[in-house]
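For reference, the structure discussed in these notes is given below.
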Amino acid sequence: MTSTSSNLQKAIDLAGKAAQEDKAGNYEEALQLYQHAVQYFLHVVKYEAQGDKAKQSIRAKCTEYLDRAEKLKEYLKKKEKNPQKPVKEGQPSPADEKGNDSDGEGESDDPEKKKLQNQLQGCFRFHF
């Protein structure tokens, strides 16, 4: 039972560090930490968590962290392409102005994203 709490604690610690790095503007580091935290959380859900309520809570957090990680990844890709112009909050990016909408199409080629999505889909089996 100690491994359950240590893996869960490791996931929580990583998520906390990710949030700190995110707030500090260290987006690359935050992205890595969010991804590692999700991997630990998924392990806990799949092999260690007991009770549907606990699993549901962990899955909700994983979804939040993955959403944030995706936003960071998009930001970092855009920053790489156009490093000279930071985009202010609430304004469209230059890519959006050119008609390239960021609706998620085309990002499905990212193997890292596919891997995390497949892991999530394997864990998120909803019973109605």
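Chain labels follow the order of the structure tokens: the first chain is A, the next B, and so on; residue numbering restarts at 1 in every chain, and ligands are counted from 1 in their shown order.
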Contacts of Lys55 (chain A) at 9 Å or less, counting only C-alpha atoms, minus same-chain residues fewer than 6 places along, as a PyMOL selection string? chain A and resi 44-46+49
Prev. selection, N, CA and C atoms, output as a short mmCIF file (atom, residue, chain, number, x, y, z; two decimals), in the first residue's frame:
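Output contents, as saved in selection38.cif:
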```cif
data_model
loop_
_atom_site.label_atom_id
_atom_site.label_comp_id
_atom_site.auth_asym_id
_atom_site.auth_seq_id
_atom_site.Cartn_x
_atom_site.Cartn_y
_atom_site.Cartn_z
N VAL A 44 -1.44 5.27 -11.37
CA VAL A 44 -2.20 5.10 -10.14
C VAL A 44 -3.63 4.66 -10.46
N VAL A 45 -4.26 5.30 -11.45
CA VAL A 45 -5.63 4.96 -11.82
C VAL A 45 -5.71 3.52 -12.31
N LYS A 46 -4.76 3.15 -13.14
CA LYS A 46 -4.81 1.83 -13.77
C LYS A 46 -4.50 0.68 -12.81
N ALA A 49 -5.34 2.75 -7.75
CA ALA A 49 -6.47 3.46 -7.12
C ALA A 49 -7.62 2.50 -6.86
#
```
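Every protein or nucleic acid residue with an atom no more than 6 Å from region 37-43 of chain A, counting only C-alpha atoms and leaving out same-chain residues fewer than 4 positions away, appears here: Ala11, Leu14, Ala15, Tyr47 and Cys62 of chain A.
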Using N, CA, C and O atoms, can you write the selected residues to a file as a compact mmCIF listing (two decimals), in the first residue's frame?
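That gives us again-v3.txt:
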```
# COMPACT_ATOMS: atom_id res chain seq x y z
N ALA A 11 3.02 11.98 -8.22
CA ALA A 11 2.19 12.64 -9.23
C ALA A 11 1.76 14.02 -8.76
O ALA A 11 1.82 15.00 -9.50
N LEU A 14 4.77 16.39 -8.77
CA LEU A 14 5.11 16.81 -10.13
C LEU A 14 4.11 17.84 -10.65
O LEU A 14 4.51 18.82 -11.29
N ALA A 15 2.84 17.63 -10.36
CA ALA A 15 1.81 18.58 -10.80
C ALA A 15 2.01 19.93 -10.13
O ALA A 15 1.86 20.97 -10.76
N TYR A 47 -3.51 0.89 -11.95
CA TYR A 47 -3.02 -0.23 -11.15
C TYR A 47 -3.26 -0.12 -9.65
O TYR A 47 -3.19 -1.11 -8.95
N CYS A 62 -6.19 14.69 -14.56
CA CYS A 62 -5.39 14.36 -15.74
C CYS A 62 -5.87 15.16 -16.95
O CYS A 62 -5.05 15.67 -17.72
```
Please run DSSP on the backbone and report, as JSON, numbers by chain, all residues within region 31-89 of chain A that come out as helix (DSSP H, G or I). {"A": [31, 32, 33, 34, 35, 36, 37, 38, 39, 40, 41, 42, 43, 44, 45, 46, 47, 48, 52, 53, 54, 55, 56, 57, 58, 59, 60, 61, 62, 63, 64, 65, 66, 67, 68, 69, 70, 71, 72, 73, 74, 75, 76, 77, 78, 79, 80, 81]}
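Atom pair CA of Asp13 (chain A) / CA of Ile58 (chain A): separated by 13.9 Å.
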Leaving out Tyr65 (chain A) and any residue of its chain fewer than 6 positions from it, which residues lie within 10 Å of it when counting only C-alpha atoms, given as an MDAnalysis selection string? chainID A and resid 15 18:19 31 33:35 37:38 59 71
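Here CA of Ala30 (chain A) is placed at a distance of 13.7 Å from CA of Ile12 (chain A).
Taking CA of Ala24 (chain A) as the reference point, CA of His36 (chain A) is found at 18.5 Å.
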